[in-house]
Every structure is written in C-alpha cells, then in structure tokens.
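> Below is the file start.cif, which contains mmCIF, C-alpha atoms.
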```cif
data_query
#
loop_
_atom_site.label_atom_id
_atom_site.label_comp_id
_atom_site.auth_asym_id
_atom_site.auth_seq_id
_atom_site.Cartn_x
_atom_site.Cartn_y
_atom_site.Cartn_z
CA MET Y 10 -25.51 -15.79 12.34
CA SER Y 11 -22.10 -17.39 12.09
CA THR Y 12 -22.73 -18.41 8.48
CA ALA Y 13 -23.25 -14.71 7.79
CA VAL Y 14 -19.95 -13.98 9.56
CA PHE Y 15 -18.32 -16.63 7.36
CA THR Y 16 -19.73 -15.14 4.17
CA TYR Y 17 -18.96 -11.60 5.26
CA SER Y 18 -15.38 -12.57 6.13
CA LEU Y 19 -15.00 -13.99 2.64
CA HIS Y 20 -16.34 -10.80 1.12
CA LEU Y 21 -13.89 -8.66 3.11
CA ALA Y 22 -11.03 -11.03 2.37
CA ASP Y 23 -11.81 -11.14 -1.35
CA ASN Y 24 -11.87 -7.34 -1.56
CA ALA Y 25 -8.42 -7.16 -0.02
CA LEU Y 26 -6.98 -10.12 -1.91
CA ILE Y 27 -8.09 -9.09 -5.38
CA LEU Y 28 -7.08 -5.46 -5.01
CA GLY Y 29 -3.79 -6.56 -3.48
CA GLN Y 30 -3.22 -8.88 -6.43
CA ARG Y 31 -4.01 -6.08 -8.87
CA ASN Y 32 -1.71 -3.60 -7.16
CA SER Y 33 1.06 -6.18 -7.04
CA GLU Y 34 1.14 -6.11 -10.84
CA TRP Y 35 2.96 -2.80 -10.42
CA CYS Y 36 5.83 -4.55 -8.66
CA ALA Y 37 8.98 -3.75 -10.68
CA HIS Y 38 6.86 -1.65 -13.08
CA GLY Y 39 6.21 1.43 -10.93
CA PRO Y 40 6.88 4.89 -12.38
CA VAL Y 41 9.79 5.39 -9.99
CA LEU Y 42 11.49 3.10 -7.51
CA GLU Y 43 10.01 4.80 -4.46
CA GLN Y 44 6.43 4.59 -5.73
CA ASP Y 45 6.96 1.02 -6.85
CA ILE Y 46 7.78 0.19 -3.25
CA ALA Y 47 4.85 2.25 -1.96
CA ILE Y 48 2.21 0.48 -4.06
CA THR Y 49 3.77 -2.91 -3.38
CA ASN Y 50 3.66 -2.12 0.34
CA ILE Y 51 -0.04 -1.42 0.04
CA SER Y 52 -0.42 -4.76 -1.75
CA LEU Y 53 1.24 -6.51 1.16
CA ASP Y 54 -0.98 -4.73 3.68
CA LEU Y 55 -4.04 -5.86 1.74
CA LEU Y 56 -2.73 -9.39 1.50
CA GLY Y 57 -2.25 -9.40 5.27
CA GLN Y 58 -5.83 -8.27 5.78
CA ALA Y 59 -7.07 -10.94 3.39
CA ARG Y 60 -5.17 -13.61 5.30
CA ASN Y 61 -6.73 -12.56 8.61
CA PHE Y 62 -10.23 -12.77 7.19
CA TYR Y 63 -9.63 -16.06 5.35
CA GLN Y 64 -8.12 -17.65 8.44
CA TYR Y 65 -11.13 -16.61 10.45
CA ALA Y 66 -13.54 -17.88 7.78
CA ALA Y 67 -11.74 -21.23 7.67
CA THR Y 68 -11.81 -21.53 11.48
CA LEU Y 69 -15.53 -20.81 11.54
CA TYR Y 70 -16.24 -23.29 8.76
CA ASN Y 71 -14.36 -26.10 10.47
CA GLN Y 72 -16.53 -25.63 13.56
CA PHE Y 73 -19.82 -25.54 11.64
CA SER Y 74 -22.53 -28.13 12.06
CA SER Y 75 -23.34 -30.13 8.96
CA GLU Y 76 -26.45 -27.98 8.37
CA GLU Y 77 -24.36 -24.84 8.51
CA LYS Y 78 -21.79 -26.35 6.18
CA GLU Y 79 -24.55 -27.24 3.77
CA SER Y 80 -25.89 -23.68 3.78
CA VAL Y 81 -22.56 -22.16 2.68
CA ASP Y 82 -21.60 -25.03 0.42
CA ARG Y 83 -21.88 -22.92 -2.73
CA LEU Y 84 -18.91 -20.84 -1.48
CA VAL Y 85 -16.60 -23.71 -0.62
CA PRO Y 86 -14.06 -24.88 -3.21
CA ALA Y 87 -14.81 -28.25 -4.78
CA LEU Y 88 -11.17 -29.27 -5.14
CA TRP Y 89 -10.58 -28.90 -1.38
CA LYS Y 90 -13.21 -31.57 -0.71
CA THR Y 91 -10.92 -34.13 -2.31
CA TYR Y 92 -8.14 -33.26 0.17
CA ASN Y 93 -9.81 -34.87 3.22
CA ARG Y 94 -8.53 -32.32 5.69
CA ASP Y 95 -9.77 -29.18 7.45
CA LEU Y 96 -10.40 -26.07 5.38
CA GLU Y 97 -7.45 -23.63 5.32
CA GLU Y 98 -6.94 -20.02 4.26
CA ASP Y 99 -5.13 -20.99 1.06
CA ASP Y 100 -8.01 -23.18 -0.09
CA LEU Y 101 -10.33 -20.20 0.13
CA ALA Y 102 -7.94 -17.87 -1.63
CA PHE Y 103 -6.70 -20.16 -4.37
CA LEU Y 104 -9.24 -22.88 -5.09
CA ARG Y 105 -12.56 -21.11 -5.48
CA VAL Y 106 -13.93 -20.35 -8.91
CA GLU Y 107 -15.09 -17.05 -10.31
CA HIS Y 108 -18.69 -16.95 -9.05
CA GLN Y 109 -17.59 -17.90 -5.52
CA TYR Y 110 -15.68 -14.64 -5.12
CA LEU Y 111 -17.66 -11.88 -3.44
CA HIS Y 112 -15.46 -8.79 -3.87
CA LEU Y 113 -16.47 -5.43 -5.30
CA LEU Y 114 -16.09 -5.10 -9.05
CA ILE Y 115 -13.85 -2.04 -8.68
CA THR Y 116 -11.10 -4.16 -7.14
CA GLU Y 117 -10.81 -6.49 -10.14
CA LEU Y 118 -10.68 -3.83 -12.87
CA PRO Y 119 -7.41 -3.58 -14.78
CA ASN Y 120 -4.87 -1.15 -13.35
CA GLY Y 121 -4.90 1.19 -16.33
CA ASP Y 122 -2.27 3.89 -15.96
CA TRP Y 123 -0.87 5.23 -12.68
CA ALA Y 124 -3.72 7.74 -12.40
CA GLN Y 125 -6.34 5.00 -12.65
CA THR Y 126 -4.58 2.83 -10.08
CA ILE Y 127 -4.27 5.79 -7.73
CA LEU Y 128 -7.87 6.88 -8.09
CA ARG Y 129 -9.15 3.37 -7.52
CA GLN Y 130 -7.00 3.11 -4.39
CA PHE Y 131 -8.36 6.43 -3.19
CA PHE Y 132 -12.01 5.46 -3.74
CA PHE Y 133 -11.45 2.09 -2.11
CA SER Y 134 -9.35 3.27 0.83
CA ALA Y 135 -11.83 6.04 1.63
CA PHE Y 136 -14.50 3.34 1.72
CA GLN Y 137 -12.39 0.88 3.68
CA GLN Y 138 -11.54 3.48 6.30
CA LEU Y 139 -15.22 4.11 7.01
CA LEU Y 140 -16.00 0.41 6.85
CA TYR Y 141 -13.28 -0.70 9.26
CA THR Y 142 -14.12 2.13 11.63
CA GLU Y 143 -17.59 0.61 11.91
CA LEU Y 144 -16.29 -2.96 11.90
CA GLN Y 145 -14.25 -2.21 15.03
CA LYS Y 146 -17.54 -1.85 16.91
CA ASN Y 147 -18.93 -5.16 15.65
CA SER Y 148 -20.21 -7.62 18.23
CA ASP Y 149 -18.10 -10.34 16.62
CA GLU Y 150 -14.83 -9.85 18.50
CA GLN Y 151 -12.60 -11.34 15.86
CA LEU Y 152 -14.01 -9.18 13.06
CA ALA Y 153 -13.72 -6.15 15.33
CA ALA Y 154 -10.09 -6.98 16.11
CA ILE Y 155 -9.14 -7.41 12.44
CA GLY Y 156 -10.93 -4.15 11.66
CA GLU Y 157 -8.99 -2.32 14.35
CA LYS Y 158 -5.65 -3.71 13.23
CA SER Y 159 -6.27 -3.04 9.54
CA LEU Y 160 -7.59 0.46 10.06
CA LYS Y 161 -4.11 1.74 10.87
CA GLU Y 162 -2.88 0.54 7.50
CA VAL Y 163 -5.85 1.95 5.65
CA VAL Y 164 -5.43 5.40 7.19
CA TYR Y 165 -2.02 5.50 5.54
CA HIS Y 166 -3.33 4.17 2.21
CA LEU Y 167 -5.93 6.90 2.20
CA ARG Y 168 -3.42 9.59 3.03
CA TRP Y 169 -1.04 8.37 0.34
CA SER Y 170 -3.66 8.04 -2.39
CA SER Y 171 -5.40 11.32 -1.49
CA GLU Y 172 -2.16 13.20 -1.89
CA TRP Y 173 -1.57 11.56 -5.24
CA VAL Y 174 -5.06 12.47 -6.48
CA ILE Y 175 -4.38 16.08 -5.52
CA ARG Y 176 -0.92 15.97 -7.07
CA LEU Y 177 -2.24 14.64 -10.38
CA GLY Y 178 -5.41 16.74 -10.48
CA ASP Y 179 -3.59 19.94 -9.60
CA GLY Y 180 -0.49 19.02 -11.60
CA THR Y 181 0.19 19.36 -15.31
CA ASP Y 182 -2.35 19.38 -18.13
CA GLU Y 183 -1.36 15.80 -18.88
CA SER Y 184 -1.78 14.56 -15.30
CA HIS Y 185 -5.13 16.34 -14.99
CA LYS Y 186 -6.32 14.80 -18.24
CA ARG Y 187 -5.33 11.34 -17.02
CA ILE Y 188 -6.94 11.51 -13.60
CA LYS Y 189 -10.09 12.86 -15.22
CA LYS Y 190 -10.12 9.96 -17.67
CA ALA Y 191 -9.60 7.56 -14.76
CA PHE Y 192 -12.64 9.08 -13.10
CA GLY Y 193 -14.69 8.29 -16.21
CA GLU Y 194 -13.50 4.67 -16.06
CA LEU Y 195 -14.08 4.11 -12.36
CA TRP Y 196 -16.98 6.18 -11.14
CA MET Y 197 -19.67 3.74 -12.29
CA PHE Y 198 -18.09 1.06 -10.09
CA THR Y 199 -18.19 3.06 -6.85
CA GLY Y 200 -21.95 2.77 -6.27
CA GLU Y 201 -21.69 -0.93 -5.48
CA MET Y 202 -19.85 -0.22 -2.24
CA PHE Y 203 -23.04 1.18 -0.71
CA VAL Y 204 -25.58 -1.32 -2.03
CA PRO Y 205 -26.28 -3.63 0.93
CA SER Y 206 -26.20 -7.40 0.55
CA SER Y 207 -27.81 -10.09 2.67
CA TYR Y 208 -24.64 -11.04 4.56
CA GLU Y 209 -23.00 -7.71 5.33
CA LEU Y 210 -22.73 -6.94 9.04
CA VAL Y 211 -21.98 -3.24 8.58
CA ASP Y 212 -24.64 -1.05 7.04
CA THR Y 213 -22.61 0.28 4.13
CA GLY Y 214 -25.53 2.41 2.94
CA ASN Y 215 -24.91 4.60 5.98
CA LEU Y 216 -21.31 5.21 4.92
CA LYS Y 217 -22.19 6.82 1.63
CA GLY Y 218 -22.62 10.37 2.88
CA ASN Y 219 -19.24 10.47 4.61
CA TRP Y 220 -17.57 8.81 1.65
CA GLU Y 221 -18.95 11.35 -0.79
CA GLN Y 222 -17.89 14.12 1.56
CA LYS Y 223 -14.31 12.84 1.58
CA VAL Y 224 -14.23 12.44 -2.21
CA LYS Y 225 -15.60 15.95 -2.64
CA GLU Y 226 -13.05 17.41 -0.25
CA ILE Y 227 -10.10 15.83 -2.07
CA PHE Y 228 -11.50 16.50 -5.54
CA ASP Y 229 -11.98 20.11 -4.59
CA GLU Y 230 -8.33 20.40 -3.67
CA ALA Y 231 -7.36 18.48 -6.81
CA LEU Y 232 -9.29 20.99 -8.99
CA LEU Y 233 -11.35 18.10 -10.28
CA LEU Y 234 -14.76 18.99 -8.93
CA SER Y 235 -15.83 21.20 -11.80
CA THR Y 236 -14.60 18.87 -14.52
CA ILE Y 237 -16.44 15.70 -13.50
CA GLU Y 238 -20.05 16.86 -13.39
CA ASP Y 239 -20.93 15.21 -16.69
CA ASP Y 240 -19.95 11.80 -15.37
CA LEU Y 241 -21.78 11.95 -12.07
CA GLY Y 242 -25.13 10.84 -13.43
CA VAL Y 243 -23.83 7.55 -14.80
CA LYS Y 244 -25.63 4.32 -13.90
CA PHE Y 245 -23.77 2.32 -11.26
CA GLN Y 246 -22.64 -1.25 -11.89
CA LYS Y 247 -23.07 -3.99 -9.31
CA GLY Y 248 -22.98 -7.76 -8.89
CA GLY Y 249 -19.58 -8.43 -7.34
CA LYS Y 250 -20.99 -8.99 -3.87
CA GLU Y 251 -23.21 -11.74 -5.29
CA GLY Y 252 -20.46 -13.39 -7.31
CA LYS Y 253 -21.28 -11.82 -10.67
CA HIS Y 254 -18.05 -10.47 -12.06
CA THR Y 255 -16.54 -8.75 -15.06
CA GLU Y 256 -14.53 -10.62 -17.66
CA HIS Y 257 -11.36 -9.37 -15.97
CA LEU Y 258 -11.58 -11.70 -12.97
CA ASP Y 259 -10.79 -14.86 -14.95
CA TYR Y 260 -7.43 -13.50 -15.97
CA ILE Y 261 -6.55 -12.61 -12.38
CA LEU Y 262 -7.54 -16.05 -11.12
CA SER Y 263 -5.69 -17.97 -13.82
CA ASP Y 264 -2.56 -16.08 -12.89
CA MET Y 265 -3.03 -16.13 -9.12
CA GLN Y 266 -4.25 -19.72 -8.80
CA TYR Y 267 -1.86 -21.31 -11.25
CA LEU Y 268 0.45 -22.88 -8.70
CA GLN Y 269 -2.24 -24.35 -6.45
CA ARG Y 270 -4.04 -25.82 -9.45
CA ALA Y 271 -0.96 -27.18 -11.19
CA HIS Y 272 0.37 -28.65 -7.93
CA PRO Y 273 -2.70 -29.31 -5.78
CA ASN Y 274 -2.27 -29.12 -2.02
CA SER Y 275 1.35 -27.98 -2.34
CA GLN Y 276 2.96 -26.30 0.67
CA TRP Y 277 5.83 -23.85 1.02
CA MET W 471 21.79 9.83 -22.37
CA THR W 472 21.43 11.40 -18.95
CA PHE W 473 18.49 9.06 -18.52
CA PHE W 474 20.82 6.24 -17.59
CA LYS W 475 23.17 8.26 -15.48
CA LYS W 476 24.22 6.07 -12.64
CA HIS W 477 23.57 7.47 -9.22
CA LEU W 478 24.90 5.29 -6.46
CA TYR W 479 24.56 5.79 -2.78
CA GLY W 480 27.78 7.40 -1.61
CA ASP W 481 28.45 9.09 -4.94
CA TYR W 482 26.88 12.23 -3.73
CA GLY W 483 29.26 15.16 -3.32
CA ASP W 484 31.98 12.98 -4.72
CA LYS W 485 31.36 12.72 -8.43
CA GLU W 486 28.74 15.39 -8.84
CA SER W 487 28.00 18.71 -7.34
CA PRO W 488 25.30 18.85 -4.68
CA THR W 489 22.59 20.32 -6.85
CA GLY W 490 19.70 18.16 -5.73
CA GLY W 491 16.75 19.16 -7.86
CA ASN W 492 18.88 19.89 -10.89
CA VAL W 493 20.47 16.48 -11.12
CA GLN W 494 19.36 14.80 -14.32
CA HIS W 495 18.56 11.24 -13.47
CA SER W 496 14.82 11.01 -13.51
CA PRO W 497 12.61 9.21 -16.01
CA PHE W 498 10.27 12.17 -15.62
CA GLY W 499 12.36 14.25 -18.01
CA ASP W 500 13.52 17.81 -17.59
CA GLY W 501 14.21 18.71 -14.01
CA GLY W 502 12.94 15.41 -12.62
CA TRP W 503 12.24 14.91 -8.96
CA PRO W 504 14.69 16.32 -6.44
CA LEU W 505 16.90 14.10 -4.36
CA TRP W 506 16.29 13.97 -0.60
CA GLU W 507 18.46 12.69 2.21
CA VAL W 508 16.72 10.57 4.82
CA PHE W 509 17.47 10.49 8.55
CA ILE W 510 15.81 8.00 10.86
CA ARG W 511 15.62 7.82 14.62
CA SER W 512 15.45 4.18 15.53
CA LYS W 513 14.24 4.64 19.10
CA GLN W 514 13.21 7.43 21.38
CA GLY W 515 16.28 9.06 22.88
CA LEU W 516 18.69 8.18 20.10
CA ASP W 517 19.91 10.53 17.38
CA HIS W 518 18.54 10.61 13.87
CA LYS W 519 21.00 8.80 11.61
CA HIS W 520 21.48 9.15 7.91
CA VAL W 521 20.16 6.04 6.20
CA GLY W 522 20.13 6.90 2.51
CA SER W 523 18.49 9.04 -0.11
CA LEU W 524 15.52 8.96 -2.44
CA HIS W 525 13.62 10.97 -5.02
CA ALA W 526 10.39 12.79 -4.35
CA ALA W 527 8.42 15.68 -5.80
CA ASP W 528 7.83 17.42 -2.48
CA ALA W 529 8.54 17.12 1.23
CA GLN W 530 5.32 15.26 1.95
CA MET W 531 6.10 12.66 -0.69
CA ALA W 532 9.68 12.42 0.54
CA ILE W 533 8.51 11.56 4.06
CA GLU W 534 6.07 8.96 2.77
CA ASN W 535 8.67 7.48 0.44
CA ALA W 536 11.09 7.33 3.34
CA ARG W 537 8.46 5.58 5.43
CA ASP W 538 7.88 3.03 2.67
CA VAL W 539 11.50 2.53 1.66
CA TYR W 540 13.35 2.72 4.98
CA THR W 541 10.98 1.83 7.84
CA ARG W 542 9.18 -1.24 6.53
CA ARG W 543 10.88 -3.50 9.04
CA ASN W 544 10.30 -1.43 12.13
CA GLU W 545 13.47 0.59 11.73
CA GLY W 546 12.21 3.87 13.03
CA VAL W 547 10.03 6.06 15.17
CA SER W 548 10.84 9.38 13.53
CA ILE W 549 11.87 10.51 10.06
CA TRP W 550 13.66 13.64 8.88
CA VAL W 551 14.09 14.45 5.22
CA VAL W 552 16.11 17.27 3.78
CA GLU W 553 16.56 18.13 0.15
CA SER W 554 20.07 17.12 -0.81
CA LYS W 555 20.86 20.48 -2.34
CA ASN W 556 20.59 22.01 1.11
CA ILE W 557 23.42 19.92 2.46
CA HIS W 558 26.87 21.43 2.16
CA ALA W 559 29.69 18.96 2.22
CA THR W 560 33.46 19.00 2.32
CA ASN W 561 35.23 18.38 -0.93
CA PRO W 562 37.32 15.19 -1.11
CA ASP W 563 40.09 17.29 -2.72
CA ASP W 564 40.40 19.18 0.54
CA ALA W 565 40.91 16.02 2.57
CA GLU W 566 44.67 16.57 3.02
CA SER W 567 44.39 20.01 4.50
CA PHE W 568 41.20 19.24 6.38
CA TYR W 569 41.95 15.99 8.10
CA GLU W 570 45.58 15.01 7.91
CA PRO W 571 46.93 17.70 10.25
CA ALA W 572 45.11 15.92 13.06
CA ASN W 573 46.91 12.67 12.34
CA ASP W 574 50.17 13.47 14.18
CA LYS W 575 48.65 15.31 17.13
CA VAL W 576 48.52 12.33 19.43
CA TYR W 577 48.66 14.65 22.43
CA ARG W 578 45.08 15.65 21.66
CA HIS W 579 43.97 12.23 22.81
CA PRO W 580 43.65 11.82 26.58
CA THR W 581 46.24 9.03 26.81
CA PHE W 582 49.12 10.75 28.62
CA TYR W 583 47.96 10.59 32.19
CA ASP W 584 46.87 7.80 34.51
CA LEU W 585 43.19 7.51 35.23
CA PRO W 586 42.15 6.61 38.78
CA ASP W 587 40.43 3.22 38.87
CA GLU W 588 37.29 4.84 40.20
CA VAL W 589 36.72 6.63 36.91
CA GLN W 590 34.93 4.22 34.68
CA HIS W 591 33.68 4.36 31.14
CA MET W 592 36.57 6.43 29.72
#
```
Would you kindly transcribe this structure into structure tokens?


Amino acid sequence: MSTAVFTYSLHLADNALILGQRNSEWCAHGPVLEQDIAITNISLDLLGQARNFYQYAATLYNQFSSEEKESVDRLVPALWKTYNRDLEEDDLAFLRVEHQYLHLLITELPNGDWAQTILRQFFFSAFQQLLYTELQKNSDEQLAAIGEKSLKEVVYHLRWSSEWVIRLGDGTDESHKRIKKAFGELWMFTGEMFVPSSYELVDTGNLKGNWEQKVKEIFDEALLLSTIEDDLGVKFQKGGKEGKHTEHLDYILSDMQYLQRAHPNSQW
Amino acid sequence: MTFFKKHLYGDYGDKESPTGGNVQHSPFGDGGWPLWEVFIRSKQGLDHKHVGSLHAADAQMAIENARDVYTRRNEGVSIWVVESKNIHATNPDDAESFYEPANDKVYRHPTFYDLPDEVQHM
C-alpha cells in the first residue's frame, strides 16, 4: 500500500512540477506585467504543491523495508545512490530521467501562445480541482492534508483560467481563432487524465463527467461550443502516467536539471 | 512612439490628464487596457489604503491582478479597485490657492489652551 502512496505522490508531484516549470517560462515574457505576475504566481503555487508531494514521497521511501525499496527501484534516481545519504525532495525532482517521470503529457507540452497556455491551465485546473477534492477524503492523512491545502490555490487557478478562456473565446476574431486553435492542439491530451493507472488512489474515471460538465459550461460562455465539434472525436493520447513521454520532456529536463547535474549534490 | 510612453507611479494627475482607458501606454494597441487604482485593507477594522495602480481589461481582471500583484505576501484581506478615470484629483497648479492659506492659521490647531492631565491621547 505505501509503495502505491509513494508512486502516487510522485505522479502528483510530477504533474505540478512540470506544469509549474512550463508556466515559469512565461516569467518576464508575459503579455502584460500583471499577467506575467499572475502566471508566475501559479507556477509558484504548483512548485509548492510539488515540494509537498516530493517531501512526502522521500519520507516514505526512507522508511521502506528493503523489499519495498526494491519494488519501487525503477523510480529512484541512480545518481542519488552514489550520495550515501537519505533520499530528499530535490533528488526526486532533479535527478530522475525521462521515463521515471509519471506526469500527464498535457503538462509537458510547449506553451504555444497565451491562448494555448491558458487553455491548458483551464483543462488542468478543472481536473486538479476535482482530484484534490477527492484526495482530501483519502485515508492517507498526509495526502489528504496536501490535497486540502492545495485545493485553495487550485480554486483560484480555475477561476483565473476560466475567465481568460471566456475572455478570449468571446473576444475578438483573432482571440477566438487562437483559443480554437489551442483547443485543436490540446484536446487529444485531456483523455489521459481519466484513464486509471495501477497506483492512483483516486478513481479519476469517476471525475470525467464533472470535468466535461465544467468545460462545457465555460466553453458555452466563451462561444466555443459550436466551433469545436469537429475536434471532439479525436483519439486521445496517453502514456505519461507510465513514464512514456513526448519528445518535449527532454528539453524541459535538460534545462531544469542542469544545475544539479553539473554540480551534483549542491545545496543553496 | 506612444508604445514606450513612461508611466510611473505618482505621475498620475501630474503629467497627464486622468483619462484612464484612453491613456496610450499598452502593448495591446489602440485603446489598450484601462488603468485601475488599487486599495487594500490590510486587516479587518482598518481603512482601505491606496497601494498602487495596474492595467486590466475589466473589473474582474483588475481585482485578480490586484490580488496577484499586491497581496502575494499576505498584505490584505479586502481589495477595492476603481478605474482611474473615475478619480477626480486636484491640480498641482492650484496648490497655492488650495493649501497655502492654511499655513498661517496656527490658531486652527488646538495648541492655545492647557489640557487637563486626565485627558490622554490628544
């Protein structure tokens, strides 16, 4: 059971870390100062969530029996083993290789334009809100506590991104064209959220109905509902939860992990 | 090159007229986003205080921008925003006639009588 909690914590942490890293690319490049700060704020919230989950995963791992350690060995970074000390959050975030990451593919996709970044945030936050609402009720007290704490942040992310989707959809011809194009880029990556994996402790399949309801509600207000029908039948991509990623992840990792790999075991 | 027009905090009402939405300083081209003034109440029971200004397309966005820009470090429990064009200010050119006449009216300050010791906090 606790190895599942470990793996699930990594999955939740990776989701938050990779999307946070992606969003942080907007820092100093936002369309206006205020929105630059807004998206960077969301990045920091996600980074905070990732830290909570990584810390918990590391704590669990350090208390594992040798059999338990063996069973999750494929997820543990090789470089850390040369350090001869307990596992820490940074090792999990910065020393694993591509196939050891368990996040959803949608989080690692390039930012695209503002519309694409916004729409991804909306899809993901709508999912995260439902997920953390369920996580709060989990029998694992630590996961439940992180879920409860993070939910407050996510409620704001969802509010912020929903309003932007409406603003762009129901805005100018240009903004409508862009959010529609973003939909075409992203929709095929949303199905993965609801495909259960062996280690998940929340039944994400059950969240699908409510998620679709929320998307429909916002898209209706954004005047997008009638323009996206052609894209709805697309085949969904998956694999992220099992460590199979797109070519984009390598670029994120080489950027994000540079310091820890160039200066192993360095501390602030 | 209105694109690069400098717009510093404190300039407002001083170097340009309080036109809010018509000020040309936005990368979004013609019209741009209106300027909003932000007021934050730091704790229950205190007054809202002016903390700065920002750009936003509508009131909802202005409140969220204010939340992100001005309350990230626990600065507030309540936010007001008002579009800058709705604020009417005195003109610095009027300062002489507005404020200076009060300068030599010392008798308007309660300093010409003795206060009993029992009265505190005056």

> Per residue of chain W within 7 Å of chain Y, record the nearest atom pair and its distance in Å to one decimal, counting all atoms listed in the file, with rows in chain order and ascending residue number, as a tab-separated table.


```
residue	atom	partner	partner_atom	distance
W:Asn535	CA	Y:Glu43	CA	5.7
W:Asp538	CA	Y:Ala47	CA	5.6
W:Val539	CA	Y:Ile46	CA	6.6
```

> Between atom CA of Y:Thr199 and atom CA of Y:Ser134, what is the spacing in Å?

11.7 Å

> Determine the residue set returned by the PyMOL selection byres ((chain Y and resi 235-252) around 10) for the present structure, and present it as a PyMOL selection string.

chain Y and resi 17+20-21+23-24+84+106-117+185-186+189-190+192-202+204-209+228-229+232-234+253-255

> I need the chosen residues saved as a PDB file, in the frame of the given file, with C-alpha atoms.


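Listed below is the output, part-v1.pdb:
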```pdb
ATOM      1  CA  TYR Y  17     -18.960 -11.600   5.260  1.00  0.00           C
ATOM      2  CA  HIS Y  20     -16.340 -10.800   1.120  1.00  0.00           C
ATOM      3  CA  LEU Y  21     -13.890  -8.660   3.110  1.00  0.00           C
ATOM      4  CA  ASP Y  23     -11.810 -11.140  -1.350  1.00  0.00           C
ATOM      5  CA  ASN Y  24     -11.870  -7.340  -1.560  1.00  0.00           C
ATOM      6  CA  LEU Y  84     -18.910 -20.840  -1.480  1.00  0.00           C
ATOM      7  CA  VAL Y 106     -13.930 -20.350  -8.910  1.00  0.00           C
ATOM      8  CA  GLU Y 107     -15.090 -17.050 -10.310  1.00  0.00           C
ATOM      9  CA  HIS Y 108     -18.690 -16.950  -9.050  1.00  0.00           C
ATOM     10  CA  GLN Y 109     -17.590 -17.900  -5.520  1.00  0.00           C
ATOM     11  CA  TYR Y 110     -15.680 -14.640  -5.120  1.00  0.00           C
ATOM     12  CA  LEU Y 111     -17.660 -11.880  -3.440  1.00  0.00           C
ATOM     13  CA  HIS Y 112     -15.460  -8.790  -3.870  1.00  0.00           C
ATOM     14  CA  LEU Y 113     -16.470  -5.430  -5.300  1.00  0.00           C
ATOM     15  CA  LEU Y 114     -16.090  -5.100  -9.050  1.00  0.00           C
ATOM     16  CA  ILE Y 115     -13.850  -2.040  -8.680  1.00  0.00           C
ATOM     17  CA  THR Y 116     -11.100  -4.160  -7.140  1.00  0.00           C
ATOM     18  CA  GLU Y 117     -10.810  -6.490 -10.140  1.00  0.00           C
ATOM     19  CA  HIS Y 185      -5.130  16.340 -14.990  1.00  0.00           C
ATOM     20  CA  LYS Y 186      -6.320  14.800 -18.240  1.00  0.00           C
ATOM     21  CA  LYS Y 189     -10.090  12.860 -15.220  1.00  0.00           C
ATOM     22  CA  LYS Y 190     -10.120   9.960 -17.670  1.00  0.00           C
ATOM     23  CA  PHE Y 192     -12.640   9.080 -13.100  1.00  0.00           C
ATOM     24  CA  GLY Y 193     -14.690   8.290 -16.210  1.00  0.00           C
ATOM     25  CA  GLU Y 194     -13.500   4.670 -16.060  1.00  0.00           C
ATOM     26  CA  LEU Y 195     -14.080   4.110 -12.360  1.00  0.00           C
ATOM     27  CA  TRP Y 196     -16.980   6.180 -11.140  1.00  0.00           C
ATOM     28  CA  MET Y 197     -19.670   3.740 -12.290  1.00  0.00           C
ATOM     29  CA  PHE Y 198     -18.090   1.060 -10.090  1.00  0.00           C
ATOM     30  CA  THR Y 199     -18.190   3.060  -6.850  1.00  0.00           C
ATOM     31  CA  GLY Y 200     -21.950   2.770  -6.270  1.00  0.00           C
ATOM     32  CA  GLU Y 201     -21.690  -0.930  -5.480  1.00  0.00           C
ATOM     33  CA  MET Y 202     -19.850  -0.220  -2.240  1.00  0.00           C
ATOM     34  CA  VAL Y 204     -25.580  -1.320  -2.030  1.00  0.00           C
ATOM     35  CA  PRO Y 205     -26.280  -3.630   0.930  1.00  0.00           C
ATOM     36  CA  SER Y 206     -26.200  -7.400   0.550  1.00  0.00           C
ATOM     37  CA  SER Y 207     -27.810 -10.090   2.670  1.00  0.00           C
ATOM     38  CA  TYR Y 208     -24.640 -11.040   4.560  1.00  0.00           C
ATOM     39  CA  GLU Y 209     -23.000  -7.710   5.330  1.00  0.00           C
ATOM     40  CA  PHE Y 228     -11.500  16.500  -5.540  1.00  0.00           C
ATOM     41  CA  ASP Y 229     -11.980  20.110  -4.590  1.00  0.00           C
ATOM     42  CA  LEU Y 232      -9.290  20.990  -8.990  1.00  0.00           C
ATOM     43  CA  LEU Y 233     -11.350  18.100 -10.280  1.00  0.00           C
ATOM     44  CA  LEU Y 234     -14.760  18.990  -8.930  1.00  0.00           C
ATOM     45  CA  LYS Y 253     -21.280 -11.820 -10.670  1.00  0.00           C
ATOM     46  CA  HIS Y 254     -18.050 -10.470 -12.060  1.00  0.00           C
ATOM     47  CA  THR Y 255     -16.540  -8.750 -15.060  1.00  0.00           C
TER      48      THR Y 255
END
```

> Can you give me, as a PyMOL selection string, the residues this file yields under the PyMOL selection byres ((chain W and resi 521-530) around 6)?

chain W and resi 503-509+520+531-533

> In Å, with one decimal, what is the gap from atom CA of Y:Ser263 to atom CA of Y:Asn120?

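Result for atom CA of Y:Ser263 versus atom CA of Y:Asn120: 16.8 Å, one decimal.
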
> Step by step: start from the point (-1.0, -27.1, 0.4) in the file's coordinates, keep every protein, DNA or RNA residue that has an atom no farther than 12 Å from it, count only C-alpha atoms, and write the set as a PyMOL selection string.

chain Y and resi 88-89+92+94-104+268-277

> Just how far from atom CA of Y:Phe62 is atom CA of Y:Lys223, in Å to one decimal?

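According to the coordinates, atom CA of Y:Lys223 and atom CA of Y:Phe62 are separated by 26.5 Å.
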
> Find the smallest box with edges along x, y and z containing every listed atom of stretch 506-520 of chain W, then add 4 Å on each side and report centre and edge lengths in Å to one decimal, as AutoDock Vina command-line options.


```
--center_x 17.3 --center_y 9.1 --center_z 11.1 --size_x 16.3 --size_y 17.8 --size_z 31.5
```

> Please enumerate the residues selected by the PyMOL selection byres ((chain Y and resi 66-77) around 8) when evaluated against the supplied file, formatted as number ranges by chain.

Y: 11-12, 14-16, 18-19, 62-65, 78-81, 95-98, 101

> Could you check which of Y:Ala87, Y:Leu167, Y:Leu144, Y:Ile155 is closest to Y:Leu210, using all atoms listed in the file?

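Among the listed residues, Y:Leu144 lies closest to Y:Leu210.
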